[in-house]
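A.B. asks: File model_30.cif follows (mmCIF, C-alpha atoms):
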data_structure
loop_
_atom_site.label_atom_id
_atom_site.label_comp_id
_atom_site.auth_asym_id
_atom_site.auth_seq_id
_atom_site.Cartn_x
_atom_site.Cartn_y
_atom_site.Cartn_z
CA MET A 181 -9.07 5.30 -5.59
CA SER A 182 -7.90 4.80 -9.17
CA ASP A 183 -9.72 2.68 -11.75
CA GLU A 184 -6.71 0.39 -11.88
CA GLU A 185 -6.81 -0.23 -8.11
CA THR A 186 -10.52 -1.00 -8.30
CA LYS A 187 -9.92 -3.49 -11.10
CA THR A 188 -7.09 -5.10 -9.16
CA LEU A 189 -9.18 -5.56 -6.03
CA THR A 190 -12.22 -6.91 -7.86
CA ARG A 191 -10.78 -9.00 -10.67
CA PRO A 192 -10.75 -12.78 -10.23
CA ALA A 193 -7.54 -14.73 -10.01
CA ALA A 194 -6.50 -16.92 -12.90
CA GLY A 195 -8.62 -20.00 -13.27
CA ARG A 196 -11.68 -18.76 -11.40
CA THR A 197 -14.72 -16.76 -12.33
CA ALA A 198 -16.11 -13.72 -10.62
CA VAL A 199 -18.90 -14.11 -8.11
CA PRO A 200 -21.99 -12.24 -9.26
CA ALA A 201 -23.44 -9.87 -6.71
CA PRO A 202 -26.81 -11.01 -5.49
CA SER A 203 -29.73 -8.63 -5.45
CA ALA A 204 -30.65 -7.14 -2.12
CA THR A 205 -32.20 -4.14 -0.45
CA ALA A 206 -30.29 -0.86 -0.81
CA GLN A 207 -28.80 0.64 2.32
CA PRO A 208 -29.58 4.25 3.36
CA ALA A 209 -27.30 6.86 1.86
CA TRP A 210 -25.90 7.93 5.23
CA LEU A 211 -24.71 4.44 6.14
CA GLY A 212 -21.46 4.45 4.15
CA PRO A 213 -19.89 7.58 5.69
CA VAL A 214 -21.16 6.76 9.19
CA LEU A 215 -19.84 3.20 8.90
CA ILE A 216 -16.38 4.50 8.02
CA VAL A 217 -16.37 6.57 11.21
CA GLY A 218 -17.71 3.59 13.15
CA ILE A 219 -14.95 1.31 11.87
CA VAL A 220 -12.31 3.87 12.87
CA LEU A 221 -13.81 4.28 16.35
CA ALA A 222 -14.05 0.53 16.85
CA ALA A 223 -10.41 0.10 15.83
CA LEU A 224 -9.31 2.87 18.20
CA ASN A 225 -10.83 0.85 21.07
CA LEU A 226 -9.20 -2.48 20.28
CA ARG A 227 -6.02 -2.03 22.37
CA PRO A 228 -6.37 0.66 25.09
CA ALA A 229 -7.81 -1.95 27.47
CA ILE A 230 -4.43 -3.71 27.23
CA THR A 231 -1.87 -0.92 26.88
CA SER A 232 -3.47 1.37 29.49
CA LEU A 233 -3.18 -1.46 32.03
CA GLY A 234 0.43 -2.03 31.02
CA ALA A 235 1.23 1.59 31.78
CA LEU A 236 -0.29 1.31 35.29
CA PHE A 237 0.36 -2.34 35.94
CA GLU A 238 2.63 -1.90 38.96
CA GLU A 239 0.14 0.44 40.66
CA THR A 240 -2.78 -1.86 39.82
CA ARG A 241 -0.96 -4.91 41.12
CA ALA A 242 -0.13 -3.19 44.40
CA GLY A 243 -3.63 -1.75 44.77
CA LEU A 244 -5.32 -5.13 44.35
CA GLY A 245 -2.68 -7.12 46.23
CA MET A 246 -1.97 -9.41 43.29
CA SER A 247 0.52 -12.22 43.71
CA GLY A 248 3.23 -12.69 41.09
CA THR A 249 1.36 -15.69 39.69
CA VAL A 250 -1.88 -13.76 39.25
CA ALA A 251 -0.01 -10.84 37.70
CA GLY A 252 1.61 -13.20 35.22
CA LEU A 253 -1.79 -14.69 34.42
CA ILE A 254 -3.24 -11.27 33.63
CA THR A 255 -0.43 -10.52 31.18
CA SER A 256 -1.21 -13.77 29.34
CA VAL A 257 -4.99 -13.28 29.26
CA PRO A 258 -5.27 -11.04 26.13
CA ALA A 259 -3.88 -13.56 23.65
CA LEU A 260 -5.84 -16.39 25.30
CA CYS A 261 -9.11 -14.44 25.15
CA PHE A 262 -8.50 -13.44 21.54
CA ALA A 263 -8.07 -17.11 20.65
CA VAL A 264 -10.97 -18.50 22.68
CA PHE A 265 -13.62 -15.87 21.97
CA GLY A 266 -12.53 -15.32 18.38
CA VAL A 267 -13.63 -18.87 17.57
CA THR A 268 -17.23 -17.94 18.45
CA ALA A 269 -17.40 -15.08 15.94
CA PRO A 270 -18.58 -17.15 12.91
CA ARG A 271 -21.46 -18.72 14.83
CA LEU A 272 -22.55 -15.37 16.29
CA SER A 273 -22.20 -13.69 12.91
CA ARG A 274 -24.38 -16.37 11.34
CA ARG A 275 -27.03 -15.91 13.99
CA PHE A 276 -27.11 -12.13 14.40
CA GLY A 277 -25.06 -10.63 11.54
CA PRO A 278 -21.52 -9.19 11.77
CA VAL A 279 -22.66 -5.60 12.35
CA ALA A 280 -24.80 -6.51 15.36
CA VAL A 281 -21.98 -8.61 16.83
CA VAL A 282 -19.46 -5.77 16.48
CA CYS A 283 -21.95 -3.43 18.18
CA ALA A 284 -22.31 -5.93 21.04
CA GLY A 285 -18.54 -6.33 21.12
CA MET A 286 -18.07 -2.58 21.60
CA ALA A 287 -20.68 -2.71 24.39
CA ALA A 288 -18.70 -5.50 26.07
CA VAL A 289 -15.49 -3.48 25.80
CA ALA A 290 -17.17 -0.44 27.37
CA ALA A 291 -18.81 -2.49 30.14
CA GLY A 292 -15.56 -4.21 31.10
CA LEU A 293 -13.65 -0.91 31.18
CA LEU A 294 -16.37 0.64 33.33
CA ILE A 295 -16.46 -2.26 35.81
CA ARG A 296 -12.84 -3.21 36.37
CA PRO A 297 -11.62 0.03 38.06
CA PHE A 298 -14.17 -0.64 40.82
CA ALA A 299 -13.08 -4.24 41.43
CA ASP A 300 -12.05 -4.98 45.01
CA GLY A 301 -9.92 -8.00 44.21
CA ALA A 302 -7.90 -9.66 41.48
CA ALA A 303 -10.70 -12.10 40.54
CA GLY A 304 -13.21 -9.34 39.81
CA PHE A 305 -10.59 -7.34 37.95
CA LEU A 306 -9.68 -10.36 35.84
CA ALA A 307 -13.34 -11.09 35.05
CA ALA A 308 -14.02 -7.50 33.96
CA SER A 309 -10.87 -7.49 31.85
CA ALA A 310 -11.97 -10.75 30.21
CA LEU A 311 -15.33 -9.14 29.31
CA SER A 312 -13.55 -6.30 27.49
CA LEU A 313 -11.17 -8.72 25.82
CA ALA A 314 -14.07 -10.89 24.63
CA GLY A 315 -15.58 -7.86 22.89
CA ILE A 316 -12.20 -7.02 21.37
CA ALA A 317 -11.79 -10.61 20.12
CA LEU A 318 -15.14 -10.56 18.31
CA THR A 319 -14.42 -7.18 16.75
CA ASN A 320 -10.92 -8.29 15.73
CA VAL A 321 -12.42 -11.12 13.68
CA LEU A 322 -15.41 -9.32 12.18
CA LEU A 323 -13.98 -5.94 11.12
CA PRO A 324 -12.29 -7.55 8.07
CA VAL A 325 -15.65 -9.16 7.25
CA ILE A 326 -17.48 -5.83 7.39
CA VAL A 327 -14.80 -4.19 5.25
CA LYS A 328 -15.06 -6.97 2.66
CA ARG A 329 -18.85 -6.77 2.59
CA TYR A 330 -19.51 -3.03 2.64
CA PHE A 331 -16.39 -1.90 0.76
CA PRO A 332 -15.55 -4.78 -1.63
CA ASP A 333 -13.73 -2.45 -4.04
CA ARG A 334 -11.68 -0.76 -1.31
CA VAL A 335 -10.41 -3.61 0.85
CA GLY A 336 -6.84 -2.32 1.01
CA THR A 337 -7.77 1.29 1.68
CA MET A 338 -10.33 0.52 4.38
CA THR A 339 -8.11 -2.08 6.03
CA GLY A 340 -5.34 0.49 6.10
CA LEU A 341 -7.67 3.05 7.68
CA TYR A 342 -8.71 0.86 10.58
CA SER A 343 -5.23 -0.62 11.01
CA MET A 344 -3.91 2.92 11.34
CA ALA A 345 -6.63 3.70 13.89
CA LEU A 346 -5.77 0.54 15.83
CA ALA A 347 -2.09 1.50 15.94
CA ALA A 348 -3.00 5.05 16.99
CA GLY A 349 -5.19 3.76 19.83
CA THR A 350 -2.43 1.43 20.98
CA SER A 351 0.19 4.18 21.03
CA LEU A 352 -2.10 6.79 22.57
CA ALA A 353 -3.10 4.61 25.51
CA ALA A 354 0.51 3.61 26.16
CA ALA A 355 1.83 7.16 26.02
CA ALA A 356 -1.02 9.18 27.57
CA THR A 357 -2.30 6.98 30.42
CA VAL A 358 0.32 7.93 33.01
CA PRO A 359 0.33 11.71 32.33
CA LEU A 360 -3.48 11.83 32.31
CA THR A 361 -3.65 9.77 35.48
CA ASP A 362 -1.29 12.19 37.22
CA ALA A 363 -3.35 15.14 35.97
CA LEU A 364 -6.56 13.56 37.31
CA GLY A 365 -5.23 12.95 40.81
CA GLY A 366 -2.89 9.99 40.48
CA SER A 367 -5.32 7.13 41.14
CA TRP A 368 -4.79 4.08 38.95
CA ARG A 369 -8.55 3.46 39.07
CA THR A 370 -9.24 6.83 37.46
CA GLY A 371 -6.49 6.24 34.92
CA LEU A 372 -8.08 2.98 33.79
CA LEU A 373 -11.66 4.26 33.97
CA MET A 374 -11.12 7.13 31.54
CA TRP A 375 -10.63 4.71 28.62
CA ALA A 376 -14.27 3.64 28.92
CA SER A 377 -15.30 7.00 27.41
CA PRO A 378 -14.16 6.36 23.80
CA ALA A 379 -15.66 2.87 23.99
CA LEU A 380 -19.04 4.33 25.00
CA VAL A 381 -18.86 6.78 22.09
CA ALA A 382 -18.24 3.83 19.74
CA VAL A 383 -21.29 2.01 21.11
CA LEU A 384 -23.52 5.05 20.53
CA LEU A 385 -22.37 5.25 16.91
CA TRP A 386 -22.73 1.52 16.21
CA LEU A 387 -26.30 1.35 17.51
CA PRO A 388 -27.87 3.16 14.51
CA ILE A 389 -25.58 1.23 12.16
CA ALA A 390 -26.84 -2.03 13.65
CA ARG A 391 -30.47 -0.90 13.40
CA ALA A 392 -30.04 0.02 9.72
CA ALA A 393 -28.40 -3.33 9.02
CA ARG A 394 -31.23 -5.17 10.78
CA ARG A 395 -33.89 -3.32 8.76
CA ALA A 396 -32.07 -4.22 5.55
CA ASP A 397 -32.02 -7.84 6.69
CA ARG A 398 -35.75 -7.89 7.43
CA ALA A 399 -36.93 -6.06 4.32
CA PRO A 400 -36.20 -8.74 1.67
CA THR A 401 -37.49 -11.44 4.00
CA ALA A 402 -40.77 -9.60 4.37
CA ALA A 403 -40.96 -9.27 0.58
CA GLY A 404 -40.51 -13.00 0.19
CA THR A 405 -37.11 -12.84 -1.46
CA GLY A 406 -35.05 -14.41 1.33
CA PRO A 407 -32.41 -12.79 3.51
CA ALA A 408 -30.09 -10.24 2.08
CA THR A 409 -26.55 -11.24 1.35
CA ALA A 410 -23.36 -9.53 0.38
CA GLY A 411 -23.69 -6.38 -1.65
CA THR A 412 -21.67 -4.18 -3.90
CA GLY A 413 -20.68 -0.56 -4.06
CA ALA A 414 -19.23 1.80 -1.54
CA ALA A 415 -21.72 1.00 1.16
CA GLY A 416 -22.87 -2.35 -0.11
CA THR A 417 -26.43 -3.59 -0.37
CA GLY A 418 -28.03 -5.86 2.10
CA ALA A 419 -24.74 -6.06 3.88
CA GLY A 420 -26.17 -6.28 7.34
CA ALA A 421 -27.56 -9.76 6.93
CA ALA A 422 -26.24 -12.70 8.87
CA VAL A 423 -23.40 -14.48 7.15
CA ARG A 424 -24.11 -18.10 6.25
CA THR A 425 -20.83 -19.50 7.50
CA ASP A 426 -22.31 -23.00 7.44
CA THR A 427 -22.19 -22.87 3.63
CA GLY A 428 -18.67 -21.51 3.38
CA PRO A 429 -15.44 -23.39 2.69
CA ARG A 430 -13.90 -25.81 5.17
CA VAL A 431 -11.02 -23.57 6.08
CA ALA A 432 -8.87 -26.23 7.75
CA ARG A 433 -8.46 -27.95 4.37
CA SER A 434 -6.79 -24.89 2.84
CA ARG A 435 -3.01 -24.54 2.80
CA THR A 436 -3.39 -20.80 2.39
CA ALA A 437 -5.55 -20.63 5.52
CA TRP A 438 -2.90 -22.49 7.52
CA ALA A 439 -0.17 -20.24 6.10
CA LEU A 440 -2.15 -17.16 7.11
CA ALA A 441 -2.82 -18.56 10.60
CA CYS A 442 0.83 -19.39 11.25
CA TYR A 443 2.00 -16.10 9.75
CA PHE A 444 -0.47 -14.28 12.01
CA GLY A 445 0.81 -16.24 15.01
CA LEU A 446 4.47 -15.50 14.37
CA GLN A 447 3.92 -11.79 13.72
CA ALA A 448 1.84 -11.57 16.91
CA THR A 449 4.63 -13.36 18.78
CA GLY A 450 7.12 -10.77 17.57
CA ALA A 451 4.81 -7.90 18.48
CA TYR A 452 4.14 -9.17 22.02
CA ILE A 453 7.85 -9.83 22.59
CA THR A 454 8.70 -6.33 21.39
CA MET A 455 6.08 -4.67 23.60
CA GLY A 456 7.06 -6.73 26.62
CA TRP A 457 10.84 -6.88 26.41
CA LEU A 458 12.26 -4.14 24.15
CA PRO A 459 12.58 -1.53 26.94
CA GLN A 460 14.43 -4.05 29.12
CA ILE A 461 16.85 -4.83 26.28
CA PHE A 462 17.70 -1.14 25.98
CA ARG A 463 17.94 -0.64 29.76
CA ASP A 464 20.32 -3.58 30.11
CA ALA A 465 22.48 -1.92 27.45
CA GLY A 466 22.78 1.24 29.57
CA VAL A 467 19.91 3.28 28.16
CA SER A 468 17.93 5.20 30.78
CA ALA A 469 14.45 4.02 31.74
CA SER A 470 12.76 7.13 30.34
CA THR A 471 14.61 6.88 27.04
CA ALA A 472 13.82 3.17 26.80
CA GLY A 473 10.14 4.02 27.14
CA VAL A 474 10.38 6.62 24.40
CA LEU A 475 12.13 4.10 22.14
CA LEU A 476 9.25 1.66 22.61
CA ALA A 477 6.81 4.45 21.79
CA VAL A 478 8.77 5.15 18.59
CA THR A 479 8.51 1.48 17.63
CA MET A 480 4.76 1.49 18.20
CA VAL A 481 4.13 4.84 16.50
CA MET A 482 5.73 3.56 13.29
CA GLY A 483 2.60 1.46 12.88
CA VAL A 484 0.35 4.51 12.49
CA PRO A 485 1.39 5.74 9.01
CA LEU A 486 2.56 2.35 7.73
CA ALA A 487 -0.66 0.67 8.79
CA PHE A 488 -2.39 2.86 6.22
CA VAL A 489 0.22 2.60 3.47
CA ILE A 490 0.85 -1.16 3.54
CA PRO A 491 -2.75 -2.39 3.09
CA GLY A 492 -3.32 0.02 0.20
CA LEU A 493 -0.15 -1.24 -1.47
CA ALA A 494 -1.04 -4.87 -0.77
CA GLY A 495 -4.50 -4.39 -2.25
CA ARG A 496 -3.00 -3.24 -5.55
CA MET A 497 -0.75 -6.31 -5.82
CA ARG A 498 -1.79 -9.77 -6.96
CA ASN A 499 0.92 -11.34 -4.77
CA GLN A 500 1.82 -9.85 -1.39
CA GLY A 501 4.82 -12.09 -0.70
CA ALA A 502 7.31 -9.34 -1.54
CA ILE A 503 5.91 -7.14 1.24
CA ALA A 504 6.22 -10.01 3.74
CA VAL A 505 9.85 -10.52 2.76
CA THR A 506 10.65 -6.80 3.05
CA LEU A 507 9.11 -6.51 6.51
CA GLY A 508 10.98 -9.61 7.65
CA VAL A 509 14.31 -8.22 6.44
CA PHE A 510 13.71 -5.03 8.41
CA GLY A 511 13.13 -7.16 11.51
CA LEU A 512 16.25 -9.27 10.96
CA THR A 513 18.34 -6.12 10.60
CA GLY A 514 16.84 -4.66 13.78
CA TYR A 515 17.56 -7.79 15.84
CA LEU A 516 21.11 -7.97 14.47
CA GLY A 517 21.65 -4.36 15.48
CA LEU A 518 20.29 -5.01 18.97
CA SER A 519 22.75 -7.85 19.35
CA LEU A 520 25.82 -5.95 18.10
CA ALA A 521 25.26 -2.35 19.26
CA PRO A 522 22.03 -2.01 21.26
CA ALA A 523 22.76 1.40 22.76
CA ALA A 524 24.77 3.05 19.98
CA GLY A 525 22.11 2.43 17.33
CA ALA A 526 19.08 2.33 19.60
CA TRP A 527 16.96 4.75 17.57
CA ALA A 528 17.69 2.95 14.31
CA TRP A 529 16.82 -0.46 15.77
CA ALA A 530 13.58 0.90 17.24
CA LEU A 531 12.57 2.25 13.83
CA LEU A 532 13.47 -0.98 12.02
CA LEU A 533 11.48 -3.12 14.46
CA GLY A 534 8.57 -0.72 14.18
CA VAL A 535 8.49 -1.30 10.42
CA SER A 536 8.78 -5.07 10.90
CA ASN A 537 5.82 -5.09 13.32
CA CYS A 538 3.61 -3.78 10.51
CA ALA A 539 3.10 -7.37 9.43
CA PHE A 540 -0.23 -7.10 11.30
CA PRO A 541 -2.01 -4.81 8.79
CA LEU A 542 -0.53 -6.91 6.00
CA VAL A 543 -1.99 -10.18 7.29
CA ILE A 544 -5.36 -8.54 7.98
CA THR A 545 -5.44 -7.31 4.39
CA MET A 546 -4.53 -10.75 3.07
CA ILE A 547 -7.40 -12.27 5.04
CA GLY A 548 -9.78 -10.05 3.07
CA LEU A 549 -8.12 -10.91 -0.24
CA ARG A 550 -7.77 -14.68 0.18
CA ALA A 551 -11.52 -15.40 0.30
CA LYS A 552 -14.20 -14.68 -2.30
CA SER A 553 -17.32 -14.64 -0.16
CA PRO A 554 -18.35 -13.00 3.13
CA ALA A 555 -18.81 -16.49 4.58
CA GLY A 556 -15.26 -17.35 3.55
CA VAL A 557 -13.88 -14.15 5.10
CA VAL A 558 -15.67 -14.84 8.39
CA LYS A 559 -14.29 -18.36 8.60
CA LEU A 560 -10.81 -17.38 7.46
CA SER A 561 -10.60 -14.40 9.83
CA ALA A 562 -11.74 -16.49 12.82
CA PHE A 563 -9.46 -19.39 11.96
CA ALA A 564 -6.35 -17.30 11.26
CA GLN A 565 -6.71 -15.03 14.29
CA SER A 566 -7.76 -17.68 16.83
CA THR A 567 -5.06 -20.13 15.72
CA GLY A 568 -2.53 -17.32 15.45
CA TYR A 569 -3.14 -15.96 18.93
CA LEU A 570 -2.80 -19.46 20.38
CA ILE A 571 0.56 -19.76 18.63
CA SER A 572 1.67 -16.41 20.10
CA ILE A 573 0.96 -17.22 23.76
CA PRO A 574 4.28 -18.96 24.63
CA GLY A 575 6.56 -16.44 22.91
CA PRO A 576 7.04 -13.76 25.61
CA LEU A 577 7.22 -16.43 28.32
CA VAL A 578 9.94 -18.37 26.46
CA ILE A 579 11.96 -15.21 25.85
CA GLY A 580 11.72 -14.31 29.55
CA THR A 581 12.85 -17.77 30.58
CA LEU A 582 15.83 -17.71 28.21
CA TYR A 583 16.79 -14.25 29.46
CA GLN A 584 16.61 -15.36 33.08
CA HIS A 585 18.65 -18.54 32.62
CA SER A 586 21.23 -17.24 30.13
CA GLY A 587 21.80 -13.95 31.95
CA GLY A 588 21.87 -11.92 28.74
CA TRP A 589 20.14 -11.17 25.45
CA ASP A 590 22.26 -13.06 22.92
CA LEU A 591 20.20 -16.26 23.02
CA PRO A 592 16.78 -14.55 23.21
CA LEU A 593 17.67 -12.24 20.31
CA ALA A 594 18.88 -15.20 18.27
CA LEU A 595 15.54 -16.91 18.81
CA MET A 596 13.60 -13.76 17.95
CA ALA A 597 15.54 -13.39 14.71
CA GLY A 598 15.21 -17.12 13.98
CA LEU A 599 11.40 -16.91 14.21
CA LEU A 600 11.42 -14.34 11.42
CA VAL A 601 12.73 -16.92 8.94
CA PRO A 602 9.61 -19.14 8.96
CA GLN A 603 7.50 -15.99 9.21
CA ILE A 604 8.93 -14.75 5.93
CA ALA A 605 8.38 -18.13 4.26
CA LEU A 606 4.79 -18.30 5.50
CA GLY A 607 4.16 -14.75 4.30
CA VAL A 608 5.26 -15.75 0.81
CA LEU A 609 2.90 -18.74 0.87
CA ALA A 610 -0.01 -16.71 2.23
CA GLY A 611 0.57 -13.94 -0.28
CA ARG A 612 0.03 -16.10 -3.38
CA ASP A 613 -2.86 -15.07 -5.63
CA ARG A 614 -5.44 -17.70 -4.73
CA THR A 615 -8.49 -18.10 -2.53
CA ILE A 616 -9.49 -20.65 0.06
CA GLU A 617 -12.60 -21.46 -1.97
CA ASP A 618 -10.40 -22.53 -4.89
CA GLU A 619 -8.26 -24.70 -2.65
CA CYS A 620 -11.31 -26.33 -1.08
CA GLY A 621 -12.78 -27.15 -4.50
CA MET A 622 -15.84 -24.92 -4.13
CA ARG A 623 -17.53 -23.67 -7.25
CA ASP A 624 -18.72 -20.09 -7.60
#
Now that the file is in, can you turn its structure into C-alpha cells?
C.D. replies:
Amino acid sequence: MSDEETKTLTRPAAGRTAVPAPSATAQPAWLGPVLIVGIVLAALNLRPAITSLGALFEETRAGLGMSGTVAGLITSVPALCFAVFGVTAPRLSRRFGPVAVVCAGMAAVAAGLLIRPFADGAAGFLAASALSLAGIALTNVLLPVIVKRYFPDRVGTMTGLYSMALAAGTSLAAAATVPLTDALGGSWRTGLLMWASPALVAVLLWLPIARAARRADRAPTAAGTGPATAGTGAAGTGAGAAVRTDTGPRVARSRTAWALACYFGLQATGAYITMGWLPQIFRDAGVSASTAGVLLAVTMVMGVPLAFVIPGLAGRMRNQGAIAVTLGVFGLTGYLGLSLAPAAGAWAWALLLGVSNCAFPLVITMIGLRAKSPAGVVKLSAFAQSTGYLISIPGPLVIGTLYQHSGGWDLPLALMAGLLVPQIALGVLAGRDRTIEDECGMRD
C-alpha cells in the first residue's frame, strides 16, 4: 500500500480531529497473517449454505416432501435471518468481543451444514438452515469491525480481499454443487453435506485467533489498566477486546447511517432479484436453460475481481458517491438492454449487471469509513445490514407477482430499473466524507 493511500485512510475529515490510539497489549507476531487467512476463509463460507441449496433445491424439495408454501418460506429465510440475527451482533460483541463471536458464528455455520442433510422433514431442515444463517448473519456484521480494528490503515484493501472471497464462495457453490453431487453418487444430501468441510476448516483456524484475542483482553485487566481497546498497526493492539457499543453513537440519529442502510437494502434487493429471476428472463427470451445458467454464473463471477478493486479504490477516495453513480449506470444500461434485446445482447447484459451488483463491496467499505471508532463500526454495520436486509425481503416476491400477473418482463424490468434511481441517490449521500459520530454530535 502506498504512503498516500495510508494517509487517505487515516486522515480525519474536515472539521474533526483524529482519535488517538489508546495503549494496549501487543498482539503476537503471527496473528496478523493468520487473521488475514481467517478473514478470507470466513468470507468464503458466507454464501455456500444458500447457493448450494439453490442448485439442488428441486431435489431437496422432492426428497423432503415440501409443499409450495414451505419451499417459498425457505427461499425467504436468508434475508430474514440476516436481519433478525444481525441485530444481536453489537450486544454479543460487547459481551464476548468480535473475534470470539465470529469464531462462534463459523461454528454455527458448520453445525447447521452438518445437521441439515440428515433432516427427515422440512421443519428440521429449516431449523438447521436457520442455525447456519444465524452464524452467517453475525459474521456479516462483524467482519467489517474486525477489519477496521486490526487493519485500520488498510480498510479498503482488506474489505476488497474478503469481498472477493465472498463472491468466489458464492460462485463456486452455485457452479460446482451439481457436478460434485453427480460425481459423489447423485444424492442431494451428499451434495449439501460437502459444504460443511470448508466451514469446519474455518472454525479450526479461528479458534487460535479467538484464544489470542482473549489473552490480549485479559492481560491489561490483570495489570490493572482496564480492558484493551482498539489498536493500531497491521495487526492492531489489544484488538480482541469486547467493543463497548453502549458508549458509541446513537446510529438512528445519523442521516448517513440511514442512507447506508437504505443503499444496502436496495443493492441487496437488486442482487436477490438477479440471482432469482435473471435465468428466467433469458429463458423466456429463447435462450436455452444451460446457457441461461452460464449467463447467471457470468454475472456472479464479475464480483470476484471487482470486489477486490472497488474497495481499494473507494478507500483512496474521500467521497465514494462517484462509484455509486457509475455502478448504478451500469445497472440501468443492463436493464434497458434486457428490455430491448434480451437474447441478442445477453452476454453484454449479464456483464453489465454483474458490475452493477458490486455495490455490495462498496457499501461494506463505506461502513468501515463512515465511523471513527470500533463501537461506531459495530453499531453502523449492524444497523445498516439488519435494516437493509429487511428492506430487501419483498423485492423478489414483488417481481414474481408482477411477472405472473403481467405475463411478461416489461413491468418487472421497469421496476428493477426504477429502484436503481433512489439507490444511486442514496449512494451519493452515503458516500459523503463524514462520520456518524460527527452527525451525532459526539466529541473525540
A.B. asks: Work out how far atom CA of Pro541 of chain A is from atom CA of Ser343 of chain A, in Å to one decimal.
C.D. replies: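 Distance reported for this atom pair: 5.7 Å.
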A.B. asks: Carefully work through the PyMOL selection byres ((chain A and resi 517) around 12) for this structure and note down the residues it includes, as an MDAnalysis selection string.
C.D. replies: chainID A and resid 461:462 510:516 518:533 590 593:594 597
A.B. asks: Those same residues, written as a short mmCIF file (atom, residue, chain, number, x, y, z; two decimals), in the frame of the given file with C-alpha atoms?
C.D. replies:
data_model
loop_
_atom_site.label_atom_id
_atom_site.label_comp_id
_atom_site.auth_asym_id
_atom_site.auth_seq_id
_atom_site.Cartn_x
_atom_site.Cartn_y
_atom_site.Cartn_z
CA ILE A 461 16.85 -4.83 26.28
CA PHE A 462 17.70 -1.14 25.98
CA PHE A 510 13.71 -5.03 8.41
CA GLY A 511 13.13 -7.16 11.51
CA LEU A 512 16.25 -9.27 10.96
CA THR A 513 18.34 -6.12 10.60
CA GLY A 514 16.84 -4.66 13.78
CA TYR A 515 17.56 -7.79 15.84
CA LEU A 516 21.11 -7.97 14.47
CA LEU A 518 20.29 -5.01 18.97
CA SER A 519 22.75 -7.85 19.35
CA LEU A 520 25.82 -5.95 18.10
CA ALA A 521 25.26 -2.35 19.26
CA PRO A 522 22.03 -2.01 21.26
CA ALA A 523 22.76 1.40 22.76
CA ALA A 524 24.77 3.05 19.98
CA GLY A 525 22.11 2.43 17.33
CA ALA A 526 19.08 2.33 19.60
CA TRP A 527 16.96 4.75 17.57
CA ALA A 528 17.69 2.95 14.31
CA TRP A 529 16.82 -0.46 15.77
CA ALA A 530 13.58 0.90 17.24
CA LEU A 531 12.57 2.25 13.83
CA LEU A 532 13.47 -0.98 12.02
CA LEU A 533 11.48 -3.12 14.46
CA ASP A 590 22.26 -13.06 22.92
CA LEU A 593 17.67 -12.24 20.31
CA ALA A 594 18.88 -15.20 18.27
CA ALA A 597 15.54 -13.39 14.71
#
A.B. asks: If you measure from atom CA of Ile616 of chain A to atom CA of Leu341 of chain A, what distance in Å do you get, rounded to one decimal?
C.D. replies: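 So the two atoms, atom CA of Ile616 of chain A and atom CA of Leu341 of chain A, lie 25.0 Å apart.
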A.B. asks: With all atoms listed in the file as the basis for distance, which of A:Ile503, A:Ile604, A:Ala317, A:Val481 is at the shortest distance from Cys261 of chain A?
C.D. replies: A:Ala317
A.B. asks: When you count only C-alpha atoms, which of these residues is closest to Gly556 of chain A: A:Met338, A:Ala382, A:Ala477, A:Val325?
C.D. replies: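 Looking only at the distances to Gly556 of chain A, the closest residue turns out to be A:Val325.
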A.B. asks: Report the residues retrieved by the PyMOL selection byres ((chain A and resi 262) around 10) from the displayed file, expressed as a list in words.
C.D. replies: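 Applying the expression gives Val257, Pro258, Ala259, Leu260, Cys261, Ala263, Val264, Phe265, Gly266, Val267, Ala310, Leu313, Ala314, Gly315, Ile316, Ala317, Leu318, Thr319, Asn320, Val321, Ala562, Gln565, Ser566, Thr567, Gly568, Tyr569 and Leu570 of chain A.
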A.B. asks: Which one of A:Ala539, A:Leu236, A:Ala502, A:Ala223 sits closest to Thr370 of chain A if you count all atoms listed in the file?
C.D. replies: A:Leu236
A.B. asks: So the first atom is atom CA of Ala222 of chain A and the second is atom CA of Leu364 of chain A; what is the distance between them in Å, to one decimal place?
C.D. replies: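 The value is 25.4 Å.
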A.B. asks: Save segment 574-582 of chain A of the structure in the block above to a file, with N, CA and C atoms included, as a short mmCIF file (atom, residue, chain, number, x, y, z; two decimals), in the first residue's frame.
C.D. replies:
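As written to disk, decode-v1.cif reads:
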data_model
loop_
_atom_site.label_atom_id
_atom_site.label_comp_id
_atom_site.auth_asym_id
_atom_site.auth_seq_id
_atom_site.Cartn_x
_atom_site.Cartn_y
_atom_site.Cartn_z
N PRO A 574 -39.05 -8.02 0.39
CA PRO A 574 -40.18 -8.07 -0.56
C PRO A 574 -39.79 -8.09 -2.02
N GLY A 575 -38.58 -7.64 -2.36
CA GLY A 575 -38.20 -7.44 -3.76
C GLY A 575 -38.46 -8.60 -4.68
N PRO A 576 -37.83 -9.78 -4.45
CA PRO A 576 -38.05 -10.91 -5.36
C PRO A 576 -39.51 -11.35 -5.42
N LEU A 577 -40.23 -11.24 -4.29
CA LEU A 577 -41.64 -11.64 -4.28
C LEU A 577 -42.48 -10.69 -5.14
N VAL A 578 -42.20 -9.38 -5.04
CA VAL A 578 -42.94 -8.40 -5.85
C VAL A 578 -42.67 -8.61 -7.33
N ILE A 579 -41.42 -8.84 -7.68
CA ILE A 579 -41.07 -9.07 -9.09
C ILE A 579 -41.78 -10.31 -9.62
N GLY A 580 -41.81 -11.38 -8.82
CA GLY A 580 -42.51 -12.59 -9.24
C GLY A 580 -43.99 -12.37 -9.44
N THR A 581 -44.59 -11.59 -8.54
CA THR A 581 -46.02 -11.29 -8.66
C THR A 581 -46.31 -10.48 -9.92
N LEU A 582 -45.49 -9.46 -10.17
CA LEU A 582 -45.68 -8.65 -11.38
C LEU A 582 -45.52 -9.49 -12.64
#
